[in-house]
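Some notes on the structure that comes next.
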Amino acid sequence: MGHIQCLIYTTIRFVPVVLVLTACKSEMNTLSFTHFTIDSPLPGEGYGTGGFTLADFDGDGDLDMSIQRRSDITLYWYAYENDSTWIRHVAAKHGGGQLGAASLDVNRDGHPDIVMGRAWIENPGNLAEKPDASWTVHLYAGGMEGENHDIVAADIDQDGTIDLVSYAQNQGILRWYQLNDPDQWSYVNIAENVNDIHIHAGFAPGGVGDFNGDGYPDVLMPFYWYENPGRSKRSNWEKHPWPYLEIPKTPYGRSFRSWIADLDGDGDNDFVYADCDVTMSKAYWCENEGNAGDFIRHQLPTPDDLSGSYHSLGVYDLDLDEDLDIFIGEQEDANQQPEPGMKPAGLEERGMILLNTGTPQQPAFELMIIHIGNPGWHDTLVGDVDGDGDLDLVTKIWNADEGRVWHADYWRNEVR
């Protein structure tokens with residue numbers, strides 16, 4: 001007989017509705033999470049949060065968080081002191097209305113900076129001694145107007161320097177930026193007419209990766225993936241269809257969260273996607289058949305009843321058993337009627353883990369609901385916050401349920 005695996009949830013400083021489910025698999029670790037509140041209420045007014053990244057901003061060996069309220073041009077960073085104490089500091093002022101963001105060392109001085117739509121915000125580099133030091137805002141060439149919903153860092157041209165991919169729906173432009181010169185970015189448009197078919201978002205947080213095995217990252221969006229020309233003589237990014245199953249009525253346009261990874265261990269990259277910004281979201285993994293664009297879509301086991309917006313997705317080994325699990329979070333939001341909206345009236349949002357109960361070559365996923373209530377689950381970040389070797393969750397709210405407040409939260413992984 002193998003060991004019994006049980007998923008357990010506990011909470012500290014926050015009292016939500018809790019559902020505890022258990023599941024069994026031989027020879028696996030026990031997976032559980034403890035919840036802590038980072039900040040509640042978050043500063044600022046109105047709905048929405050952006051500028052959300054996770055990085056060691058002060059160089060003390062643990063992960064900190066950045067966040068901005070949508071209606072407020074103030075970007076904050078929160079220093080992780082211990083699990084229940086995160087200290088809020090003002091980083092800089094940079095325009096509201098943004099969602100997408102990434103942390104990376106733009107100027108290669110050894111300190112992670114923050115990139116948002118139209119600007120990168122420079123870490124002063126002395127936050128350990130002066131945590132309230134001002135960050136410098138740099139406007140970059142080619143910054144697109146409107147909300148840059150998706151921003152992902154990746155080495156697009158494989159020159160050893162991290163680049164950025166960004167999408168702005170109001171312009172319909174999918175663009176990548178080369179960051180070789182931190183003071184003068186260059187950029188190339190991957191596609192310029194993306195919003196002709198009403199596309200809101202797609203490749204965040206992990207939908208940039210190599211599909212055809214040429215070593216160059218491609219970009220995933222609804223209906224199509226865009227092939228990186230790499231070393232070829234082509235300058236254009238060729239688009240390839242894949243079996244996207246859309247939800248017809250959407251408030252903002254076709255939208256999902258995605259993640260590229262080799263789920264079945266056959267040497268080519270598959271991907272996971274979860275519908276978002278719409279009610280009745282579903283999630284799928286798409287198996288790469290190895291023919292430069294042939295994918296088989298498999299539906300993942302999410303709840304069968306009404307669902308909201310699956311605006312959080314991550315593919316990681318969360319239980320440390322050497323295969324890939326999937327995290328999906330249902331966006332906290334106000335009831336919206338009439339349809340289409342963001343969630344059905346009365347829905348209690350859920351945080352879910354799809355534990356891989358199969359083998360590295362034949363993945364099989366079992367649904368675990370780790371929480372029901374109001375934890376946020378909007379673009380949840382995954383990382384080893386406390387440096388103990390397992391992966392934790394940091395999450396935020398988008399639009400509060402009636403009578404609730406805006407908050408950010410930390411879920412410590414207790415795998416053992």
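Starting from 1 in every chain, residues are counted up; chains themselves are A, B, ... following the order of the structure tokens, and ligands are numbered from 1 as listed.
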Tell me, counting only C-alpha atoms, for each residue of stretch 126-217 of chain A within 10 Å of stretch 237-251 of chain A, which pair of atoms is nearest and how far apart they are in Å to one decimal, in rows ordered by chain and increasing number, as a Markdown table.
| residue | atom | partner | partner_atom | distance |
| --- | --- | --- | --- | --- |
| A:Asn189 | CA | A:Trp237 | CA | 8.8 |
| A:Ile190 | CA | A:Trp237 | CA | 5.7 |
| A:Ala191 | CA | A:Trp237 | CA | 7.4 |
| A:His198 | CA | A:Thr250 | CA | 9.6 |
| A:His200 | CA | A:Thr250 | CA | 9.6 |
Any chance you could export the current selection's all heavy atoms as a short mmCIF file (atom, residue, chain, number, x, y, z; two decimals), in the first residue's frame?
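Contents of result-v9.cif, as written:
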data_model
loop_
_atom_site.label_atom_id
_atom_site.label_comp_id
_atom_site.auth_asym_id
_atom_site.auth_seq_id
_atom_site.Cartn_x
_atom_site.Cartn_y
_atom_site.Cartn_z
N ASN A 189 6.73 44.06 -34.53
CA ASN A 189 5.34 43.63 -34.43
C ASN A 189 5.21 42.18 -34.91
O ASN A 189 5.54 41.86 -36.06
CB ASN A 189 4.42 44.53 -35.25
CG ASN A 189 4.24 45.88 -34.59
OD1 ASN A 189 4.57 46.07 -33.42
ND2 ASN A 189 3.72 46.84 -35.34
N ILE A 190 4.73 41.33 -34.01
CA ILE A 190 4.45 39.95 -34.38
C ILE A 190 3.20 39.90 -35.26
O ILE A 190 3.15 39.18 -36.26
CB ILE A 190 4.26 39.11 -33.11
CG1 ILE A 190 5.57 39.08 -32.30
CG2 ILE A 190 3.78 37.70 -33.44
CD1 ILE A 190 5.42 38.46 -30.93
N ALA A 191 2.17 40.66 -34.87
CA ALA A 191 0.93 40.75 -35.65
C ALA A 191 0.28 42.09 -35.36
O ALA A 191 0.39 42.60 -34.23
CB ALA A 191 -0.01 39.60 -35.33
N HIS A 198 -11.53 40.10 -32.35
CA HIS A 198 -11.97 40.41 -30.99
C HIS A 198 -11.22 39.58 -29.95
O HIS A 198 -11.79 38.75 -29.24
CB HIS A 198 -13.48 40.22 -30.86
CG HIS A 198 -14.10 41.03 -29.76
ND1 HIS A 198 -13.69 42.30 -29.44
CD2 HIS A 198 -15.11 40.73 -28.89
CE1 HIS A 198 -14.41 42.77 -28.43
NE2 HIS A 198 -15.27 41.83 -28.08
N HIS A 200 -8.97 39.59 -26.55
CA HIS A 200 -8.66 40.38 -25.37
C HIS A 200 -7.30 40.02 -24.78
O HIS A 200 -6.56 40.91 -24.35
CB HIS A 200 -9.75 40.16 -24.32
CG HIS A 200 -9.61 41.00 -23.09
ND1 HIS A 200 -9.49 42.38 -23.12
CD2 HIS A 200 -9.59 40.66 -21.76
CE1 HIS A 200 -9.39 42.85 -21.89
NE2 HIS A 200 -9.44 41.84 -21.05
#
Item to check | Which of stretch 327-390 of chain A DSSP labels strand (DSSP E), written as a list of chain:residue names | outcome: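 Here are the strand (DSSP E) residues of stretch 327-390 of chain A: A:Phe327, A:Ile328, A:Gly329, A:Glu349, A:Arg350, A:Gly351, A:Met352, A:Ile353, A:Leu354, A:Leu355, A:Asn356, A:Phe365, A:Glu366, A:Leu367, A:Met368, A:Ile369, A:Ile370, A:His371, A:Ile372, A:Gly373, A:Leu381, A:Val382, A:Gly383.
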Checklist entry - Hey, what's within 9 Å of stretch 143-158 of chain A if we count only C-alpha atoms and toss same-chain stuff fewer than 4 positions away? As an NGL selection string, please? => result :A and (97-104 or 115-119 or 139 or 162-171 or 173 or 176-178 or 200-209 or 215-218 or 228 or 230-231)
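Proximity of A:Phe57, A:Phe211, A:Phe271, A:Trp406 to A:Ala128, computed with only C-alpha atoms, is greatest for A:Phe57.
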Rows by chain and residue number, stretch 235-261 of chain A within 8 Å of stretch 310-319 of chain A, shortest pair, only C-alpha atoms, as a Markdown table:
| residue | atom | partner | partner_atom | distance |
| --- | --- | --- | --- | --- |
| A:Phe256 | CA | A:His311 | CA | 7.4 |
| A:Arg257 | CA | A:Leu313 | CA | 6.2 |
| A:Ser258 | CA | A:Leu313 | CA | 6.9 |
| A:Trp259 | CA | A:Val315 | CA | 6.7 |
| A:Ala261 | CA | A:Val315 | CA | 7.7 |
Selection export as a PDB file, in the first residue's frame, atoms kept: N, CA, C and O atoms:
ATOM      1  N   PHE A 256      -7.956  34.061 -22.601  1.00  0.00           N
ATOM      2  CA  PHE A 256      -7.615  32.956 -21.716  1.00  0.00           C
ATOM      3  C   PHE A 256      -6.259  33.204 -21.072  1.00  0.00           C
ATOM      4  O   PHE A 256      -5.508  34.107 -21.454  1.00  0.00           O
ATOM      5  N   ARG A 257      -5.958  32.417 -20.053  1.00  0.00           N
ATOM      6  CA  ARG A 257      -4.620  32.317 -19.480  1.00  0.00           C
ATOM      7  C   ARG A 257      -3.995  31.027 -20.019  1.00  0.00           C
ATOM      8  O   ARG A 257      -4.689  30.019 -20.178  1.00  0.00           O
ATOM      9  N   SER A 258      -2.692  31.022 -20.292  1.00  0.00           N
ATOM     10  CA  SER A 258      -2.078  29.860 -20.932  1.00  0.00           C
ATOM     11  C   SER A 258      -0.690  29.568 -20.376  1.00  0.00           C
ATOM     12  O   SER A 258      -0.042  30.440 -19.785  1.00  0.00           O
ATOM     13  N   TRP A 259      -0.249  28.326 -20.623  1.00  0.00           N
ATOM     14  CA  TRP A 259       1.052  27.880 -20.125  1.00  0.00           C
ATOM     15  C   TRP A 259       1.585  26.792 -21.046  1.00  0.00           C
ATOM     16  O   TRP A 259       0.911  25.794 -21.282  1.00  0.00           O
ATOM     17  N   ALA A 261       4.247  23.820 -21.762  1.00  0.00           N
ATOM     18  CA  ALA A 261       5.110  22.877 -21.050  1.00  0.00           C
ATOM     19  C   ALA A 261       4.957  21.496 -21.684  1.00  0.00           C
ATOM     20  O   ALA A 261       3.931  21.203 -22.323  1.00  0.00           O
TER      21      ALA A 261
END
Item to check | A:Met280 surroundings by only C-alpha atoms, 10 Å radius, close-in-sequence under 2 positions cut, as a VMD selection string | outcome: chain A and resid 247 275 to 278 282 304 to 310 340 to 344
Atoms to include: all heavy atoms. Write the selected residues as a tab-separated table (two decimals), in the first residue's frame.
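Generated output (again-v9.tsv):
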chain	number	residue	atom	x	y	z
A	247	ILE	N	-15.81	30.44	-26.02
A	247	ILE	CA	-17.11	30.77	-25.44
A	247	ILE	C	-17.65	31.94	-26.26
A	247	ILE	O	-17.03	33.00	-26.31
A	247	ILE	CB	-16.97	31.14	-23.96
A	247	ILE	CG1	-16.44	29.93	-23.18
A	247	ILE	CG2	-18.28	31.62	-23.39
A	247	ILE	CD1	-16.20	30.20	-21.71
A	275	ASP	N	-10.11	29.43	-19.86
A	275	ASP	CA	-10.91	30.60	-20.24
A	275	ASP	C	-10.88	31.64	-19.12
A	275	ASP	O	-10.86	31.29	-17.93
A	275	ASP	CB	-12.36	30.20	-20.48
A	275	ASP	CG	-12.52	29.18	-21.58
A	275	ASP	OD1	-11.85	29.32	-22.62
A	275	ASP	OD2	-13.32	28.23	-21.40
A	276	CYS	N	-10.91	32.91	-19.49
A	276	CYS	CA	-11.00	33.95	-18.46
A	276	CYS	C	-11.77	35.15	-19.00
A	276	CYS	O	-12.06	35.23	-20.20
A	276	CYS	CB	-9.62	34.37	-17.95
A	276	CYS	SG	-8.60	35.28	-19.13
A	277	ASP	N	-12.09	36.07	-18.09
A	277	ASP	CA	-12.85	37.28	-18.42
A	277	ASP	C	-14.23	36.94	-18.99
A	277	ASP	O	-14.75	37.67	-19.84
A	277	ASP	CB	-12.07	38.18	-19.39
A	277	ASP	CG	-10.76	38.65	-18.79
A	277	ASP	OD1	-10.81	39.22	-17.69
A	277	ASP	OD2	-9.71	38.46	-19.42
A	278	VAL	N	-14.82	35.85	-18.50
A	278	VAL	CA	-16.12	35.42	-18.99
A	278	VAL	C	-16.68	34.38	-18.02
A	278	VAL	O	-15.93	33.70	-17.31
A	278	VAL	CB	-15.99	34.82	-20.41
A	278	VAL	CG1	-15.21	33.52	-20.39
A	278	VAL	CG2	-17.34	34.64	-21.06
A	282	LYS	N	-13.91	27.08	-18.85
A	282	LYS	CA	-13.42	25.71	-18.80
A	282	LYS	C	-11.90	25.74	-18.98
A	282	LYS	O	-11.32	26.78	-19.30
A	282	LYS	CB	-14.06	24.85	-19.89
A	282	LYS	CG	-15.57	24.72	-19.80
A	282	LYS	CD	-16.01	24.01	-18.52
A	282	LYS	CE	-17.53	23.86	-18.47
A	282	LYS	NZ	-17.98	23.27	-17.19
A	304	ASP	N	-18.24	20.97	-12.50
A	304	ASP	CA	-19.24	20.79	-13.55
A	304	ASP	C	-20.34	21.84	-13.52
A	304	ASP	O	-21.07	22.00	-14.48
A	304	ASP	CB	-19.88	19.40	-13.45
A	304	ASP	CG	-18.89	18.29	-13.77
A	304	ASP	OD1	-17.97	18.53	-14.56
A	304	ASP	OD2	-19.05	17.19	-13.21
A	305	ASP	N	-20.47	22.53	-12.38
A	305	ASP	CA	-21.56	23.50	-12.27
A	305	ASP	C	-21.15	24.84	-12.86
A	305	ASP	O	-20.19	24.93	-13.63
A	305	ASP	CB	-21.99	23.63	-10.81
A	305	ASP	CG	-20.83	24.05	-9.90
A	305	ASP	OD1	-19.68	24.12	-10.40
A	305	ASP	OD2	-21.07	24.32	-8.73
A	306	LEU	N	-21.86	25.90	-12.50
A	306	LEU	CA	-21.54	27.23	-13.01
A	306	LEU	C	-20.12	27.63	-12.63
A	306	LEU	O	-19.63	27.30	-11.55
A	306	LEU	CB	-22.54	28.24	-12.45
A	306	LEU	CG	-24.00	28.05	-12.84
A	306	LEU	CD1	-24.87	29.10	-12.14
A	306	LEU	CD2	-24.19	28.11	-14.35
A	307	SER	N	-19.47	28.36	-13.52
A	307	SER	CA	-18.12	28.82	-13.24
A	307	SER	C	-17.99	30.29	-13.62
A	307	SER	O	-18.77	30.81	-14.41
A	307	SER	CB	-17.09	27.99	-14.01
A	307	SER	OG	-17.31	28.09	-15.41
A	308	GLY	N	-16.99	30.94	-13.01
A	308	GLY	CA	-16.69	32.31	-13.33
A	308	GLY	C	-15.49	32.41	-14.25
A	308	GLY	O	-15.29	31.58	-15.13
A	309	SER	N	-14.66	33.41	-14.02
A	309	SER	CA	-13.49	33.68	-14.85
A	309	SER	C	-12.26	33.00	-14.26
A	309	SER	O	-11.84	33.32	-13.16
A	309	SER	CB	-13.27	35.19	-14.94
A	309	SER	OG	-12.01	35.50	-15.49
A	310	TYR	N	-11.69	32.06	-15.00
A	310	TYR	CA	-10.47	31.37	-14.55
A	310	TYR	C	-9.25	32.25	-14.89
A	310	TYR	O	-8.51	31.96	-15.82
A	310	TYR	CB	-10.34	30.01	-15.22
A	310	TYR	CG	-11.35	28.97	-14.78
A	310	TYR	CD1	-11.52	27.80	-15.51
A	310	TYR	CD2	-12.13	29.14	-13.64
A	310	TYR	CE1	-12.43	26.83	-15.13
A	310	TYR	CE2	-13.04	28.19	-13.24
A	310	TYR	CZ	-13.20	27.03	-13.99
A	310	TYR	OH	-14.10	26.07	-13.60
A	340	PRO	N	-23.45	38.72	-21.17
A	340	PRO	CA	-22.34	38.03	-20.56
A	340	PRO	C	-21.69	38.87	-19.46
A	340	PRO	O	-21.62	40.09	-19.56
A	340	PRO	CB	-21.36	37.86	-21.73
A	340	PRO	CG	-21.64	39.02	-22.62
A	340	PRO	CD	-23.12	39.27	-22.50
A	341	GLY	N	-21.26	38.22	-18.44
A	341	GLY	CA	-20.60	38.90	-17.34
A	341	GLY	C	-19.35	38.16	-16.94
A	341	GLY	O	-18.83	37.33	-17.70
A	342	MET	N	-18.87	38.44	-15.74
A	342	MET	CA	-17.65	37.81	-15.26
A	342	MET	C	-17.92	36.60	-14.38
A	342	MET	O	-17.07	35.72	-14.25
A	342	MET	CB	-16.83	38.83	-14.49
A	342	MET	CG	-16.40	40.02	-15.32
A	342	MET	SD	-15.29	39.58	-16.67
A	342	MET	CE	-13.79	39.29	-15.76
A	343	LYS	N	-19.11	36.58	-13.73
A	343	LYS	CA	-19.45	35.39	-12.96
A	343	LYS	C	-20.96	35.33	-12.77
A	343	LYS	O	-21.64	36.36	-12.75
A	343	LYS	CB	-18.74	35.39	-11.61
A	343	LYS	CG	-19.34	36.31	-10.57
A	343	LYS	CD	-18.77	36.02	-9.19
A	343	LYS	CE	-19.56	36.73	-8.11
A	343	LYS	NZ	-19.06	36.43	-6.78
A	344	PRO	N	-21.51	34.12	-12.63
A	344	PRO	CA	-22.93	34.00	-12.36
A	344	PRO	C	-23.28	34.54	-10.97
A	344	PRO	O	-22.45	34.52	-10.05
A	344	PRO	CB	-23.17	32.48	-12.42
A	344	PRO	CG	-21.98	31.92	-13.14
A	344	PRO	CD	-20.85	32.83	-12.81
Next on the checklist: What parts of stretch 118-234 of chain A does DSSP call helix (DSSP H, G or I)? I'd like the answer as an MDAnalysis selection string.
Outcome noted: chainID A and resid 194:197
I need the chosen residues saved as a short mmCIF file (atom, residue, chain, number, x, y, z; two decimals), in the first residue's frame, with C-alpha atoms.
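Dumped to again-v7.cif:
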data_model
loop_
_atom_site.label_atom_id
_atom_site.label_comp_id
_atom_site.auth_asym_id
_atom_site.auth_seq_id
_atom_site.Cartn_x
_atom_site.Cartn_y
_atom_site.Cartn_z
CA VAL A 194 -5.10 40.58 -33.76
CA ASN A 195 -8.22 42.37 -32.54
CA ASP A 196 -9.97 41.97 -35.89
CA ILE A 197 -11.36 38.77 -34.38
#
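Rounded to one decimal, atom CA of A:Leu179 and atom CA of A:Asn123 lie 16.3 Å from each other.
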Next on the checklist: For stretch 263-269 of chain A, find every residue with an atom within 7 Å (counting only C-alpha atoms), except residues of its own chain fewer than 5 positions away, and show them as a ChimeraX atom specification.
Outcome noted: /A:210-211,213,288,290,324,360-363
